[in-house]
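Please read the structure below before turning to the comments.
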Amino acid sequence: MSRAMVPSQQKLAEKLTILNDRGRGMLTRIYNIKKMSIYSPNKKKMLTKTDSKPAFLSDKSLDSVFKYLHKKFPNIDNHAGALQVINNIKQDVVKSLSLYYFTFVDIMDFKDHVVDLLTTIDACQVHMDVTLNYDLTVNYLNLISTYVSLMILMSRVEDRRVVLSLYNVAYEYLNASSDPSFPRLGQMVIDYDIPLRKLSEEFVPHSRVVVPALLSLHKIYPKRNLPADQMRATGMLSLLAEPLKIMNVPNTDMVQCEYLSLDSMEKWIIFSMMLCHTYLQEAQLWDLWKTALQSGYIVQLCRDEVLHIHSYINTFFESLKGHNLHKRITEVKDLQHQALQSSPAIHRERRKFLRSALKELALIFTDQPGLLGPKGLYVFQALAVARDEIHWLLRHFDNPPSKKHTVKLSQEDFVDRQLPELLFNMEELKSLLRKYNQVVQRYFVQYLAGYDAVLLNQLIQEITNDSNLAHCPEDESVILSSLYNTIAGLSVKQVEANEVFDFRGVRLDWFRLQAYTSVSRAGLVLRDHQDLGKHLNMIVFHTKLVDYLDELINETGDLSIYCFYHQIFEHQFKQCMEFPAQHRFSIVFPIICGHFMNATHELCPEERHSIGTTSVQYAHWFLKEMSDEVNQVITAICEEQCMLNYKLLPKHSAASILQSSNKHKKNKDKKKQVGPEEEKPGTESVRKNRENFTRMDKLHMALTELCYAINHCNVIQVWEHGFVPREFFIQHLETRFNKALVGMMMYNPDTSEIAKPSELLSSVKAIMSVLQGLENYVQIDIARVFNSVLPQQTQATDSFNGEKTITANYTNWYLEVLLRRVTVNIGQIVYSPNHKAFVTVATDNNSKENLYLAAEEYADLTELRALAELIGPYGMRYLGERLMGHVASQVDELKKLVIQNKEVLFNMRTSFDKPEVMRDLFRRLGTGPVKQQGNTKNQVSDVDSVLMRMTIIGILLSFRSLAQDALLDVLEDRIPFLMASVQDLQHFVPNMKDTKYSHMKQQVVNEMASAAGLSCDIDPLLISALRSQKNVANESDYELACLLMVFVAVSIPTLAKKDVSVFKASLEGNLSNCHCLAKAVNQIAGALFTIHGPGDVSDRLQEFLALASSSLLRLGQSQEQEKETFKNRESVYILLDLIVQESPYLTMDLLESCFPYALLRNAYHTVYKASAVDI
């Protein structure tokens, strides 16, 4: 005697929920297995990725084994000689293929449970109606769709026979018995080689439930599958179509069906009718079947695994012998032709409609977020329709029809350049829902308690008072009471207190109630109380808006499918970046990367890392490309601004001045044609017509659009990472700005060309003004960019790539190019204290190495001020350190010369008051091996060598002094109050009783003052450079310093012999730059005696003055012939005066005590008179 089935004991709701989730997990696992297919019997080769393929599968010696297993499956003789080789690798095989094998075992287990559940539903005679028992019907149809997709996908895994057999053979060798699941597993693989044939046999008894479920879709599917024109005509998704009802909740009795996926419905219709094809004769089912097959020619199985559905159906129908399906086959071919011909255009127009509809919704909800309460359904409808259209486009674009079809498809229907706008509007609607989550919660908590609970109570009372219902069953009564009590107890205070809501129990109870009341012979029949069913569906939707909002958003607007169409994803992004009108929507691409993890499933954890890594990599790439594009636009704007700024440089005013002066002159030759007047700066801003779109207009428009994208969202969450687009942009902007600064120098080491510091500074200011304007477009702190990049240019290398900076390049150019030319090309470039610049006075046109260089254009006070402003005190200090390094190397060479002539110099030091002895000793000063550059015939004496090296030191120190003056001017302008404090500290250093600490304090203050550009008696950088030198030949440093001063003093008179020693009054300097000896003598003496001596700098300089003056006085006592030889002695006399003027230790009284002032006065008179004659 059979017992009646009790619906509540069958757990239909629970089983459907669990099996649907498990089915999605199985689909994910079989999809991954198929993508990593191991052996293809058709291609006879391995297809898996090398990093996941077991080593034994690459062994060519096993090819014969694989062929044998494929041929004999599933009846394999495990003792066959061909399989003995597997015995050696059995452990590796079992370990490596266990996941693969047990995936198929799990599929078999899943199939058993599905068949069992479908049979139970048949036995219970469950009535399916998607508008009434929504959850039950949708889960039932989803289970069928998942089951069919899984079986079809399993049949597409080409290596299934080989791997299953291989695992079983290895398992038997290992355990002495075959795997218990293998016989049934082998039979399942054989049965489902042609999956639809077996499935159609299984579904013969299920059709009594499937067909009514499909018929209920006839109320929904045609309304959802409308062309764009009808959507517009009906005011679909438009809040403004009925302005008077804008505050009302949408009037619908099947609310959850409004956002039901169109793709899912088409898949239900197609798969179910394939299996129950005998019911196609019914008119409504035929209409559904026809419309679904006309909508497209590709159906999704899982992710990017698809079916060319018409061909697949025909193949299946042709395989059914004896059913006489020729008519159906012809109909399917006709439907395929219609789908190819019309569906691309229909979906293209639908996307156009959705772009405008979603944009309108986004604008309205942004302006009035309170409407998200009553009109929230519109958002989910819009997201669902747009999501379906995007899915349709991706799978049809990636899977073109076979070439045998005569219909030619237009690429314009598939290449949608404005698709980013649709994607962006979808994300905008989703962000609005998340942003105003509490608005939605507050509205629907009140709605549930104030309306839904009241109406539910009335419907329950009607059921209780229903005369046709003898007694409401206990289970149903308990569930209904629980539902009412839960929603009736809600309060707005719970929202204000940020209480976490959880209505999963409510939704599951309603699901159970649907199962209890939809079976035959139910105590409470849901069909007889349709108002109750529809109202409970409404309540479930409202509860989802309170506690399930994020999941509802993912359900309707998930775009994780892009993870599996990455080539199209990249192509659409590149199209977006090429189309200026879509630039502002480019931010949607990295946002979509955050959806990728929605595609994962807990039953396939091994793919989480790969999908997560892919999402992060794509988000990084998108943001990098966007930042590069913005930076390219900014660079183009900067170039334009720099060109405009370049036209305003003072040097370009010469042409205008000349042209203006020529207008006042009478032009006697009236026939002479005057050239066209040059365009003046500023004319580019004159507009005669507003419609003229200049290049700058286009660039600013592109900048506006791109910055809108960068500024759109603060953080993009992708997997476990947070991307901040603005920070991403700032990093790339800093790198680009840093490169631009160095690039604008136009430094060419080969030709020694470089931009003037003033011109570079002008360009830098122009770029900075452009970058400051970025704050109007995007919320960034541009001062942070400046503070990050500009200080790095004051160092020798930057921290971005370790490349040379402005400081390094200019330092190298001034020391190795300009100052080298000053020292090598004697008489061509002169340091002029009068002009505060190095001045070019002659050129060597015959030398290719020494091209004409206007030194005053690079080394005057104006240019060095610009340099100081560019590289700052740190950069100027680096320049000074490098320069002092050159000085130190010259001092080292001077010490070597002193050591060579030590004995003679020692005697000269003690015999300076004995003219005859001094003359003999001077003749004994030896000649060294140093040769003058460019003249290999004449050897240079040690005396000339000393003077040359001291002159070089003087030139370097003069440049150092000029650079310090420039730095001081800049700092006094930029930080006047701080500079006043530094000057006070320098002039009023507190005295200390302990001289040691007093000296240290003075040194610290001098270093600070020198870094600020203030002049010091002795340059701290020079002291530091000389102190770092090693002792030469263990000689006494103090003695060498004394003898060096003697050597210089006795050598000065020889300058009078040289023509280039002539003093030029206009320059206040000698052509040979020997006037720089004044600075060299004082600085070198002060530094050496401060380092090595007991602090007797003044005494040693007095000794130097005595020696030099006595040597110069002997020039006046020389004979007439010698007087002609020393023709520039007046110029040398002036040098002695310059040394005293430059020295903080010597005074004019000391000079007059050892050198008559009358000689100095006459010398000045003579040289200034000669200079006046030259002029």
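So you can find residues: chains in the structure tokens are A, B, ... in the order shown, residues in each start at 1, and ligands are numbered from 1 in order.
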
Stretch 1038-1041 of chain A surroundings by only C-alpha atoms, 7 Å radius, close-in-sequence under 3 positions cut, as a list in words: Lys895, Val898, Leu1044, Met1045, Leu1088, Phe1089, His1092 and Gly1093 of chain A

Selection near A:Asp502, 10 Å with only C-alpha atoms, sequence-local residues under 3 positions removed, as a count of residues only: 9

Å distance separating atom CA of A:Gln256 from atom CA of A:Val385, one decimal place: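 One can read the atom CA of A:Gln256 to atom CA of A:Val385 distance as 13.6 Å.
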
Given only C-alpha atoms as the counted atoms, nearest of A:Leu819, A:Ala808, A:Ile1018, A:Leu1067 to A:Lys836: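 Comparing A:Leu819, A:Ala808, A:Ile1018, A:Leu1067 against A:Lys836, the winner is A:Leu1067.
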
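Proximity ranking of A:Asn631, A:Thr120, A:Tyr874, A:Ala515 relative to A:Phe728 places A:Asn631 first, based on only C-alpha atoms.
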
I'd like the neighbourhood of stretch 776-785 of chain A as a PDB file with N, CA, C and O atoms, in the first residue's frame, where a residue qualifies if any of its atoms comes within 6 Å (using only C-alpha atoms), though same-chain residues fewer than 3 positions away should be ignored.
ATOM      1  N   CYS A 707      39.344  64.441 -17.534  1.00  0.00           N
ATOM      2  CA  CYS A 707      39.412  64.758 -16.107  1.00  0.00           C
ATOM      3  C   CYS A 707      38.094  64.429 -15.414  1.00  0.00           C
ATOM      4  O   CYS A 707      38.076  64.082 -14.227  1.00  0.00           O
ATOM      5  N   ASN A 711      38.004  62.092 -12.192  1.00  0.00           N
ATOM      6  CA  ASN A 711      37.449  62.681 -10.979  1.00  0.00           C
ATOM      7  C   ASN A 711      36.136  62.028 -10.554  1.00  0.00           C
ATOM      8  O   ASN A 711      35.560  62.393  -9.532  1.00  0.00           O
ATOM      9  N   GLU A 734      53.356  63.387 -12.227  1.00  0.00           N
ATOM     10  CA  GLU A 734      54.659  63.725 -11.652  1.00  0.00           C
ATOM     11  C   GLU A 734      55.794  63.199 -12.531  1.00  0.00           C
ATOM     12  O   GLU A 734      56.774  63.909 -12.795  1.00  0.00           O
ATOM     13  N   GLY A 773      45.986  75.121 -13.590  1.00  0.00           N
ATOM     14  CA  GLY A 773      44.621  75.135 -14.124  1.00  0.00           C
ATOM     15  C   GLY A 773      43.930  73.797 -14.040  1.00  0.00           C
ATOM     16  O   GLY A 773      42.702  73.712 -14.150  1.00  0.00           O
ATOM     17  N   SER A 788      56.688  67.725  -5.036  1.00  0.00           N
ATOM     18  CA  SER A 788      57.292  66.402  -5.234  1.00  0.00           C
ATOM     19  C   SER A 788      58.343  66.417  -6.334  1.00  0.00           C
ATOM     20  O   SER A 788      59.391  65.780  -6.209  1.00  0.00           O
TER      21      SER A 788
END

All residues 8 Å or closer to stretch 388-395 of chain A, only C-alpha atoms, same chain fewer than 6 positions away omitted, as a PyMOL selection string: chain A and resi 261-263+296+298+300+304+306+347+350-351+414+561+565+568

Write a file of the selected residues as a JSON list (two decimals), in the first residue's frame, keeping C-alpha atoms.
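What landed in part_32.json:
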[["chain", "number", "residue", "atom", "x", "y", "z"],
["A", 261, "SER", "CA", 16.58, 38.42, -17.25],
["A", 262, "LEU", "CA", 15.52, 38.25, -20.89],
["A", 263, "ASP", "CA", 18.50, 35.96, -21.60],
["A", 296, "GLY", "CA", 19.51, 35.89, -31.77],
["A", 298, "ILE", "CA", 23.85, 32.42, -30.08],
["A", 300, "GLN", "CA", 25.10, 31.08, -23.67],
["A", 304, "ASP", "CA", 31.91, 32.47, -23.06],
["A", 306, "VAL", "CA", 28.00, 29.22, -26.32],
["A", 347, "HIS", "CA", 19.44, 45.15, -30.67],
["A", 350, "ARG", "CA", 17.52, 48.97, -28.42],
["A", 351, "ARG", "CA", 20.98, 49.99, -27.15],
["A", 414, "PHE", "CA", 28.19, 45.06, -33.59],
["A", 561, "ILE", "CA", 31.04, 38.45, -18.29],
["A", 565, "TYR", "CA", 35.68, 38.48, -23.37],
["A", 568, "ILE", "CA", 36.50, 42.73, -26.81]]

Length of the atom CA of A:Leu1159 to atom CA of A:Ser1111 vector [Å]: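 Computing the Euclidean distance for atom CA of A:Leu1159 and atom CA of A:Ser1111 yields 13.9 Å.
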
Near-A:Glu282 list (12 Å; only C-alpha atoms; drop same-chain fewer than 5 positions) as a VMD selection string: chain A and resid 211 to 212 214 to 215 273 276 to 277 287 to 290

Taking the DSSP assignment computed from this structure's backbone, write out as a CSV table (one decimal) with all heavy atoms, in the first residue's frame all residues of stretch 659-800 of chain A that belong to strand (DSSP E).
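Writing the result to out-v7.csv gives the following:
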chain,number,residue,atom,x,y,z
A,716,ILE,N,38.2,52.8,-6.5
A,716,ILE,CA,37.6,51.7,-7.2
A,716,ILE,C,38.1,50.4,-6.6
A,716,ILE,O,39.3,50.1,-6.6
A,716,ILE,CB,38.0,51.7,-8.7
A,716,ILE,CG1,37.6,53.0,-9.4
A,716,ILE,CG2,37.5,50.5,-9.5
A,716,ILE,CD1,38.1,53.2,-10.8
A,717,GLN,N,37.2,49.6,-6.0
A,717,GLN,CA,37.5,48.4,-5.3
A,717,GLN,C,37.6,47.2,-6.4
A,717,GLN,O,36.6,47.0,-7.0
A,717,GLN,CB,36.5,48.0,-4.3
A,717,GLN,CG,36.5,49.0,-3.1
A,717,GLN,CD,37.8,48.9,-2.3
A,717,GLN,OE1,38.5,47.9,-2.3
A,717,GLN,NE2,38.1,49.9,-1.5
A,718,VAL,N,38.7,46.6,-6.5
A,718,VAL,CA,38.9,45.5,-7.4
A,718,VAL,C,39.6,44.4,-6.6
A,718,VAL,O,40.8,44.5,-6.2
A,718,VAL,CB,39.8,45.9,-8.6
A,718,VAL,CG1,40.0,44.7,-9.6
A,718,VAL,CG2,39.2,47.1,-9.4
A,721,HIS,N,42.0,45.0,-3.7
A,721,HIS,CA,42.8,46.2,-4.0
A,721,HIS,C,41.9,47.4,-4.1
A,721,HIS,O,40.7,47.2,-4.5
A,721,HIS,CB,43.7,46.1,-5.2
A,721,HIS,CG,44.7,44.9,-5.2
A,721,HIS,ND1,44.3,43.6,-5.2
A,721,HIS,CD2,46.0,45.0,-5.1
A,721,HIS,CE1,45.4,42.9,-5.2
A,721,HIS,NE2,46.5,43.7,-5.1
A,722,GLY,N,42.4,48.5,-3.7
A,722,GLY,CA,41.7,49.8,-3.9
A,722,GLY,C,42.5,50.7,-4.8
A,722,GLY,O,43.6,51.1,-4.5
A,723,PHE,N,41.9,51.0,-6.0
A,723,PHE,CA,42.5,51.9,-6.9
A,723,PHE,C,42.0,53.3,-6.8
A,723,PHE,O,40.7,53.5,-6.8
A,723,PHE,CB,42.3,51.5,-8.4
A,723,PHE,CG,43.1,50.2,-8.7
A,723,PHE,CD1,42.5,49.0,-8.5
A,723,PHE,CD2,44.4,50.3,-9.3
A,723,PHE,CE1,43.2,47.8,-8.9
A,723,PHE,CE2,45.1,49.1,-9.6
A,723,PHE,CZ,44.5,47.9,-9.4

Nearby residues (only C-alpha atoms) at most 12 Å from A:Glu803, same-chain spacing under 4 positions excluded, as a list of chain:residue names: A:Thr735, A:Asn738, A:Lys739, A:Val742, A:Gly743, A:Gln792, A:Gln793, A:Gln795, A:Ala796, A:Thr797, A:Asp798, A:Ser799, A:Thr807, A:Ala808, A:Asn809

Take the residues that were just selected and, keeping N, CA and C atoms, output them as an mmCIF file, in the first residue's frame.
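Done, and the output landed in again_16.cif:
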data_model
loop_
_atom_site.group_PDB
_atom_site.id
_atom_site.type_symbol
_atom_site.label_atom_id
_atom_site.label_comp_id
_atom_site.auth_asym_id
_atom_site.auth_seq_id
_atom_site.Cartn_x
_atom_site.Cartn_y
_atom_site.Cartn_z
ATOM 1 N N THR A 735 55.640 61.961 -12.989
ATOM 2 C CA THR A 735 56.683 61.384 -13.853
ATOM 3 C C THR A 735 56.800 62.153 -15.155
ATOM 4 N N ASN A 738 58.314 65.607 -14.535
ATOM 5 C CA ASN A 738 59.746 65.481 -14.273
ATOM 6 C C ASN A 738 60.526 65.317 -15.572
ATOM 7 N N LYS A 739 60.004 64.483 -16.482
ATOM 8 C CA LYS A 739 60.682 64.306 -17.778
ATOM 9 C C LYS A 739 60.628 65.575 -18.615
ATOM 10 N N VAL A 742 63.348 68.207 -17.667
ATOM 11 C CA VAL A 742 64.686 67.906 -18.203
ATOM 12 C C VAL A 742 64.684 68.022 -19.722
ATOM 13 N N GLY A 743 63.593 67.607 -20.361
ATOM 14 C CA GLY A 743 63.513 67.667 -21.822
ATOM 15 C C GLY A 743 63.554 69.078 -22.351
ATOM 16 N N GLN A 792 63.210 67.656 -6.519
ATOM 17 C CA GLN A 792 64.096 66.614 -7.049
ATOM 18 C C GLN A 792 65.042 67.163 -8.102
ATOM 19 N N GLN A 793 64.618 68.242 -8.774
ATOM 20 C CA GLN A 793 65.482 68.833 -9.784
ATOM 21 C C GLN A 793 66.642 69.608 -9.162
ATOM 22 N N GLN A 795 68.533 68.142 -7.000
ATOM 23 C CA GLN A 795 69.509 67.098 -6.704
ATOM 24 C C GLN A 795 70.178 66.635 -7.997
ATOM 25 N N ALA A 796 71.215 65.845 -7.839
ATOM 26 C CA ALA A 796 71.959 65.395 -9.025
ATOM 27 C C ALA A 796 71.162 64.380 -9.838
ATOM 28 N N THR A 797 70.388 63.526 -9.147
ATOM 29 C CA THR A 797 69.548 62.539 -9.838
ATOM 30 C C THR A 797 68.169 62.557 -9.206
ATOM 31 N N ASP A 798 67.154 62.194 -10.019
ATOM 32 C CA ASP A 798 65.797 62.168 -9.469
ATOM 33 C C ASP A 798 65.504 60.801 -8.874
ATOM 34 N N SER A 799 64.424 60.737 -8.109
ATOM 35 C CA SER A 799 64.061 59.484 -7.435
ATOM 36 C C SER A 799 63.096 58.652 -8.263
ATOM 37 N N THR A 807 69.742 70.268 -12.428
ATOM 38 C CA THR A 807 70.947 70.628 -11.671
ATOM 39 C C THR A 807 72.183 69.928 -12.232
ATOM 40 N N ALA A 808 72.082 68.628 -12.456
ATOM 41 C CA ALA A 808 73.239 67.867 -12.952
ATOM 42 C C ALA A 808 73.642 68.335 -14.349
ATOM 43 N N ASN A 809 72.661 68.546 -15.228
ATOM 44 C CA ASN A 809 72.982 68.929 -16.604
ATOM 45 C C ASN A 809 73.580 70.334 -16.691
#

Residue list (alpha helix (DSSP H), DSSP) for stretch 383-512 of chain A, as a PyMOL selection string: chain A and resi 383-398+419-435+437-447+453-464+474-488+492-496+504-512

Proximity to A:Glu1152 - best of A:Val1046, A:Gly81, A:Leu1136, A:Gln617, only C-alpha atoms: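 Nearest candidate to A:Glu1152 out of A:Val1046, A:Gly81, A:Leu1136, A:Gln617: A:Leu1136.
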
Straight-line distance linking atom CA of A:Gln731 with atom CA of A:Glu759, stated in Å to one decimal: 26.8 Å
